[in-house]
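K.L.:
Here you go, one structure.
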Amino acid sequence: MKSLKPTMQSRMASNRRDIDMKRLLYFLPTILVLGFLAFIFFGLGEPSTDPQEYLVGAGILLVFLLSDFLLSKKLWFGCIPGVLLGAYVIYYGSQYHGQVMDERPVGAIIFAYYAIIGIITFYRKKKATK
């Protein structure tokens with residue numbers, strides 16, 4: 001009869017999966033923005049012909065990736081690029097450009113997400129060093 005106790009290897013594998021899932025949480029905004037930009041650029045029937053739109057989209061993704069990478073390495077200051085991007089989206093949403101969608105709620109969500117993740121990362125690292 002087999003023992004019901006998990007082996008050390010299965011515990012380590014489970015722990016590794018938990019760590020990977022926690023790190024995936026840091027990249028969640030990037031994955032959502034990438035999906036949204038892919039839909040906007042390619043999913044609406046015809047691709048955009050303005051190269052500036054691609055550069056802006058790539059710049060936004062790079063800022064998100066930088067922030068997510070630093071946060072996944074448990075560096076609390078990785079939240080700063082994400083918070084600044086959220087603040088910029090809030091500011092840009094307050095300007096009237098004839099947009100169909102108001103960007104302020106999206107900016108507030110980005111701002112709050114990165115601020116909360118940064119605070120949590122800071123306190124967890126501070127607690128771990130004690």
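Letters A, B, ... mark the chains of the structure tokens in the order given; residue numbers begin at 1 per chain; ligand numbers begin at 1, in order shown.
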What lies within 12 Å of stretch 63-77 of chain A using only C-alpha atoms, ignoring chain neighbours under 3 positions off, as a VMD selection string?

P.N.:
chain A and resid 19 to 34 56 to 60 80 to 86 110 to 111 113 to 126 128

K.L.:
Any idea what the distance is between atom CA of A:Lys130 and atom CA of A:Ala112?

P.N.:
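Interatomic distance here is 27.4 Å.
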
K.L.:
Write out as an NGL selection string the set of residues from stretch 29-99 of chain A that DSSP, computed on the backbone, places in alpha helix (DSSP H).

P.N.:
:A and (29-42 or 51-72 or 79-94)

K.L.:
Create the file for the chosen residues now, containing C-alpha atoms and written as an mmCIF file, in the first residue's frame.

P.N.:
```cif
data_model
loop_
_atom_site.group_PDB
_atom_site.id
_atom_site.type_symbol
_atom_site.label_atom_id
_atom_site.label_comp_id
_atom_site.auth_asym_id
_atom_site.auth_seq_id
_atom_site.Cartn_x
_atom_site.Cartn_y
_atom_site.Cartn_z
ATOM 1 C CA PRO A 29 -1.360 44.217 -16.172
ATOM 2 C CA THR A 30 1.187 43.639 -18.933
ATOM 3 C CA ILE A 31 -0.679 40.577 -20.180
ATOM 4 C CA LEU A 32 -3.991 42.475 -20.178
ATOM 5 C CA VAL A 33 -2.520 45.517 -21.946
ATOM 6 C CA LEU A 34 -0.795 43.297 -24.511
ATOM 7 C CA GLY A 35 -4.100 41.586 -25.285
ATOM 8 C CA PHE A 36 -5.907 44.919 -25.534
ATOM 9 C CA LEU A 37 -3.263 46.455 -27.812
ATOM 10 C CA ALA A 38 -3.189 43.364 -30.010
ATOM 11 C CA PHE A 39 -6.967 43.587 -30.374
ATOM 12 C CA ILE A 40 -6.847 47.304 -31.177
ATOM 13 C CA PHE A 41 -3.967 47.063 -33.657
ATOM 14 C CA PHE A 42 -4.846 43.810 -35.416
ATOM 15 C CA PRO A 51 3.835 53.985 -37.008
ATOM 16 C CA GLN A 52 3.596 56.342 -34.019
ATOM 17 C CA GLU A 53 0.765 54.261 -32.621
ATOM 18 C CA TYR A 54 2.986 51.181 -32.655
ATOM 19 C CA LEU A 55 5.799 53.097 -30.960
ATOM 20 C CA VAL A 56 3.490 54.383 -28.229
ATOM 21 C CA GLY A 57 2.096 50.890 -27.671
ATOM 22 C CA ALA A 58 5.609 49.423 -27.522
ATOM 23 C CA GLY A 59 6.686 52.145 -25.085
ATOM 24 C CA ILE A 60 3.745 51.437 -22.797
ATOM 25 C CA LEU A 61 4.537 47.721 -22.852
ATOM 26 C CA LEU A 62 8.204 48.401 -22.060
ATOM 27 C CA VAL A 63 7.265 50.525 -19.045
ATOM 28 C CA PHE A 64 4.924 47.788 -17.815
ATOM 29 C CA LEU A 65 7.582 45.099 -18.371
ATOM 30 C CA LEU A 66 10.233 47.133 -16.543
ATOM 31 C CA SER A 67 7.937 47.678 -13.593
ATOM 32 C CA ASP A 68 6.777 44.053 -13.502
ATOM 33 C CA PHE A 69 10.308 42.667 -13.801
ATOM 34 C CA LEU A 70 11.591 44.806 -10.923
ATOM 35 C CA LEU A 71 8.610 43.886 -8.757
ATOM 36 C CA SER A 72 9.052 40.175 -9.508
ATOM 37 C CA CYS A 79 6.209 50.154 -8.697
ATOM 38 C CA ILE A 80 7.369 53.682 -9.577
ATOM 39 C CA PRO A 81 7.174 53.320 -13.408
ATOM 40 C CA GLY A 82 3.718 51.758 -13.119
ATOM 41 C CA VAL A 83 2.488 54.463 -10.735
ATOM 42 C CA LEU A 84 3.838 57.173 -13.052
ATOM 43 C CA LEU A 85 2.156 55.544 -16.042
ATOM 44 C CA GLY A 86 -1.130 55.372 -14.112
ATOM 45 C CA ALA A 87 -0.810 59.048 -13.152
ATOM 46 C CA TYR A 88 -0.121 59.959 -16.790
ATOM 47 C CA VAL A 89 -3.192 58.051 -17.975
ATOM 48 C CA ILE A 90 -5.305 59.863 -15.354
ATOM 49 C CA TYR A 91 -3.907 63.212 -16.530
ATOM 50 C CA TYR A 92 -4.406 62.326 -20.197
ATOM 51 C CA GLY A 93 -7.981 61.251 -19.474
ATOM 52 C CA SER A 94 -8.724 64.639 -17.935
#
```
